[in-house]
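What follows is a set of notes on a single structure, which appears directly below.
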4 protein chains.
Amino acid sequence: MSTAHDHTGTAPRVAVVVGNPKPASRTLGAAVHLARELTGAEPGLVVDLATLGPALLDWSDPTVAGLVAEVGAADLVVVACPTYKGTFTGLLKLFLDRFGTEGLSGVAVPLMLGAGPGHALAPELTLRPVLTEIGASVPTRALYVVDAAHDDPASYAAWLERARPVITASLHDLPRRAGATA
Amino acid sequence: MSTAHDHTGTAPRVAVVVGNPKPASRTLGAAVHLARELTGAEPGLVVDLATLGPALLDWSDPTVAGLVAEVGAADLVVVACPTYKGTFTGLLKLFLDRFGTEGLSGVAVPLMLGAGPGHALAPELTLRPVLTEIGASVPTRALYVVDAAHDDPASYAAWLERARPVITASLHDLPRRAGATA
Amino acid sequence: MSTAHDHTGTAPRVAVVVGNPKPASRTLGAAVHLARELTGAEPGLVVDLATLGPALLDWSDPTVAGLVAEVGAADLVVVACPTYKGTFTGLLKLFLDRFGTEGLSGVAVPLMLGAGPGHALAPELTLRPVLTEIGASVPTRALYVVDAAHDDPASYAAWLERARPVITASLHDLPRRAGATA
Amino acid sequence: MSTAHDHTGTAPRVAVVVGNPKPASRTLGAAVHLARELTGAEPGLVVDLATLGPALLDWSDPTVAGLVAEVGAADLVVVACPTYKGTFTGLLKLFLDRFGTEGLSGVAVPLMLGAGPGHALAPELTLRPVLTEIGASVPTRALYVVDAAHDDPASYAAWLERARPVITASLHDLPRRAGATA
């Protein structure tokens with residue numbers, strides 16, 4: 001995959017954003033697993049929103065602003081949260097609310113965990129439109145994982161089989177896309 | 001309407017919840033206006049979430065828990081926020097995330113303000129399902145108001161004409177509904 | 001409940017609309033069951049769209065126009081279909097496309113059946129907004145039933161317990177609502 | 001772009017599907033315009049569903065089955081319809097209901113036209129999830145165009161500027177993606 005990134009001389013920038021009120025949650029574990037499986041490497045940035053605290057409510061906080069910029073510049077972002085009330089968490093949305101219309105310049109993967117299968121449509125119907133609204137390209141289907149099976153590779157396997165070539169190709173395309181818009 | 005409320009001897013309990021990061025916002029003005037127009041009285045409780053601060057991030061905070069209980073017991077709740085990224089704000093969702101599956105026992109009215117007409121479907125498609133998920137009955141269509149026209153009665157008139165009889169009837173029904181479930 | 005309907009001297013008009021490409025489907029059975037459980041009587045009108053055939057594609061067909069008018073005037077309509085591609089069927093939408101903005105003047109109950117639990121959010125997130133768009137009041141949560149359990153009363157019991165008093169009250173309110181808009 | 005398609009020796013297969021009950025509609029014009037602007041060539045297949053008639057209601061019709069197969073195999077499909085009742089038309093959904101879970105193997109672009117700006121969220125929130133459900137990759141934001149401006153290039157320009165490099169890259173990727181799944 002190296003030639004695709006000759007323009008930068010570096011691997012793709014991969015970020016994970018986790019909107020679970022509990023730090024170091026299973027959601028985080030699932031999101032990092034997904035990033036690793038999609039790219040073959042550890043994500044360069046993991047934003048565990050639960051650790052940011054009240055800064056998230058302060059629209060002038062420089063730490064949050066820095067994270068928004070860094071996530072916004074990533075080539076691939078896995079955006080993950082548990083399912084609360086049939087949709088994404090307020091914690092995650094607090095962070096996403098900071099992004100401008102083209103705030104996410106790369107590819108995003110929506111991931112949601114939930115207590116049971118009944119909310120499986122939530123990431124595709126509720127989280128994904130938020131990510132496209134802030135500029136992300138979301139070329140794969142969103143992924144929903146039942147909590148209890150969050151550490152079962154089978155929860156990800158079928159999705160990964162379809163998503164990996166799409167994501168790989170998208171990361172390959174970065175210089176081409178950049179060129180096309182230049 | 002008095003007989004309908006003989007069970008309590010009081011007027012219906014009406015609450016307004018506002019999820020605008022700016023306190024005393026136009027969203028609040030619009031929501032209070034709606035509550036007043038629907039019931040002919042001032043709302044008994046106005047929760048301006050922006051004033052709660054970091055307590056909203058603390059799941060054990062007793063003030064927030066008290067407000068959740070009070071809003072949950074209201075007969076009518078106007079739930080309002082601006083449109084951020086095509087949907088409700090993180091601030092509003094932070095609060096709604098505290099409610100249980102049957103946390104809202106009364107009737108809810110979803111109201112969203114937005115910069116332009118392009119997000120007019122947002123309250124019906126994104127906010128309303130959250131309110132039904134936490135138990136509310138949402139018998140009217142959701143309302144979307146363009147920011148710049150927030151103080152123009154015409155922004156509310158057509159909606160009010162259709163919604164008022166439905167809401168009035170729902171408040172009449174409270175004892176009957178309570179009786180039916182007893 | 002009789003006094004509530006003194007204005008007409010008749011029982012509430014109850015209709016069932018079924019958008020399953022197969023006539024006399026389990027969807028139809030489930031919808032009629034729901035109507036019966038909600039009102040204590042057989043629905044006065046059952047529209048099994050599969051039996052209408054090509055007339056549904058002919059926007060000038062008088063039979064379809066007549067059914068649109070009759071369903072539109074019902075006090076309560078159960079609108080039911082299987083889940084195709086995560087949402088309502090094209091067959092059902094063909095019929096709903098005929099209704100004007102205030103084409104449904106009564107209360108609607110969205111019901112969808114599906115092969116598994118994964119599409120449980122579909123009726124609330126996808127069918128319900130269509131019904132409110134054409135004027136219906138949808139005061140209950142939408143209902144999703146897994147196909148294989150369509151004839152198990154337990155698939156409906158919890159929903160019915162919450163919905164019945166709301167629907168009963170809504171039917172009681174008909175004269176009051178009509179009066180309020182007069 | 002030729003080298004990207006050396007595996008086939010042909011240009012990408014581009015299809016347009018139009019779900020407007022009126023044949024040769026403005027929707028069709030807009031969809032063909034979009035396909036042309038995205039690829040620099042005329043679409044190889046235009047399915048104007050209004051011309052298919054009752055065959056769309058016959059699940060065993062071979063003509064419809066053939067079109068489903070052909071559209072499903074396209075590298076790029078523009079899927080377009082007017083906005084009816086806040087969402088896609090029944091006519092379009094009748095056709096999409098024929099596709100299997102991985103029935104669309106390429107990239108899809110959702111396009112909806114509507115009478116006013118108020119339904120602008122409809123393609124992203126309602127049509128796009130149907131396309132991903134049947135297997136499509138939808139790497140761009142969905143596009144909404146106001147009817148009256150359907151022949152104004154400005155209705156497409158900003159969207160095209162962002163979408164063109166993404167779509168171009170996706171078509172480049174076809175052999176790579178095919179290889180990755182082989």
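Chain identifiers are assigned as A, B, and so on, following the order in which chains appear in the structure tokens; residues are numbered from 1 within each chain, and ligands are numbered from 1 in order of appearance.
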
Select residues of chain D: the criterion is any atom within 12 Å of an atom of chain B, counting only C-alpha atoms; output as a PyMOL selection string.
chain D and resi 85-87+114+116-126+143-146

When DSSP is applied to the backbone of this structure, which of segment 18-182 of chain B are assigned helix (DSSP H, G or I)? Write them out as number ranges by chain.
B: 26-39, 49-51, 53-57, 62-73, 90-96, 117-119, 122-133, 147-149, 154-172, 174-181

Identify, on the basis of only C-alpha atoms, every residue whose closest approach to Thr101 of chain D does not exceed 9 Å; exclude the query and any residue fewer than 4 positions from it along the same chain; express the result as a VMD selection string.
(chain C and resid 85) or (chain D and resid 132 to 135)

Store the residues picked out above in a file with all heavy atoms, as a PDB file, in the first residue's frame.
ATOM      1  N   LYS C  85     -35.948  -4.251   2.455  1.00  0.00           N
ATOM      2  CA  LYS C  85     -34.774  -3.370   2.338  1.00  0.00           C
ATOM      3  C   LYS C  85     -34.726  -2.358   3.479  1.00  0.00           C
ATOM      4  O   LYS C  85     -34.398  -1.186   3.300  1.00  0.00           O
ATOM      5  CB  LYS C  85     -34.769  -2.649   0.990  1.00  0.00           C
ATOM      6  CG  LYS C  85     -35.091  -3.522  -0.218  1.00  0.00           C
ATOM      7  CD  LYS C  85     -34.270  -4.784  -0.239  1.00  0.00           C
ATOM      8  CE  LYS C  85     -34.908  -5.836  -1.133  1.00  0.00           C
ATOM      9  NZ  LYS C  85     -34.345  -7.178  -0.841  1.00  0.00           N
TER      10      LYS C  85
ATOM     11  N   THR D 132     -27.825   1.348   0.550  1.00  0.00           N
ATOM     12  CA  THR D 132     -26.780   0.601   1.269  1.00  0.00           C
ATOM     13  C   THR D 132     -27.325  -0.762   1.703  1.00  0.00           C
ATOM     14  O   THR D 132     -26.583  -1.733   1.755  1.00  0.00           O
ATOM     15  CB  THR D 132     -26.257   1.379   2.491  1.00  0.00           C
ATOM     16  OG1 THR D 132     -27.335   1.722   3.340  1.00  0.00           O
ATOM     17  CG2 THR D 132     -25.553   2.656   2.058  1.00  0.00           C
ATOM     18  N   GLU D 133     -28.608  -0.812   1.999  1.00  0.00           N
ATOM     19  CA  GLU D 133     -29.206  -2.090   2.402  1.00  0.00           C
ATOM     20  C   GLU D 133     -29.122  -3.134   1.289  1.00  0.00           C
ATOM     21  O   GLU D 133     -29.041  -4.326   1.556  1.00  0.00           O
ATOM     22  CB  GLU D 133     -30.672  -1.867   2.796  1.00  0.00           C
ATOM     23  CG  GLU D 133     -31.397  -3.088   3.323  1.00  0.00           C
ATOM     24  CD  GLU D 133     -31.025  -3.437   4.761  1.00  0.00           C
ATOM     25  OE1 GLU D 133     -30.473  -2.579   5.468  1.00  0.00           O
ATOM     26  OE2 GLU D 133     -31.282  -4.584   5.180  1.00  0.00           O
ATOM     27  N   ILE D 134     -29.146  -2.682   0.042  1.00  0.00           N
ATOM     28  CA  ILE D 134     -29.051  -3.638  -1.065  1.00  0.00           C
ATOM     29  C   ILE D 134     -27.625  -3.710  -1.617  1.00  0.00           C
ATOM     30  O   ILE D 134     -27.406  -4.170  -2.726  1.00  0.00           O
ATOM     31  CB  ILE D 134     -30.072  -3.341  -2.183  1.00  0.00           C
ATOM     32  CG1 ILE D 134     -29.925  -1.928  -2.736  1.00  0.00           C
ATOM     33  CG2 ILE D 134     -31.498  -3.549  -1.662  1.00  0.00           C
ATOM     34  CD1 ILE D 134     -30.899  -1.619  -3.895  1.00  0.00           C
ATOM     35  N   GLY D 135     -26.680  -3.260  -0.819  1.00  0.00           N
ATOM     36  CA  GLY D 135     -25.292  -3.555  -1.120  1.00  0.00           C
ATOM     37  C   GLY D 135     -24.452  -2.445  -1.716  1.00  0.00           C
ATOM     38  O   GLY D 135     -23.233  -2.593  -1.840  1.00  0.00           O
TER      39      GLY D 135
END

What are the DSSP strand (DSSP E or B) residues of segment 43-124 of chain C, as a PyMOL selection string?
chain C and resi 45-48+76-82+84+87+107-114

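Of the residues listed (D:Leu96, D:Leu91, D:Leu160, D:Leu113), D:Leu91 shows the shortest atom-to-atom separation from Pro54 of chain D; distances use only C-alpha atoms.
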
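Interatomic distance, atom CA of Ala149 of chain A to atom CA of Arg26 of chain A: 10.2 Å.
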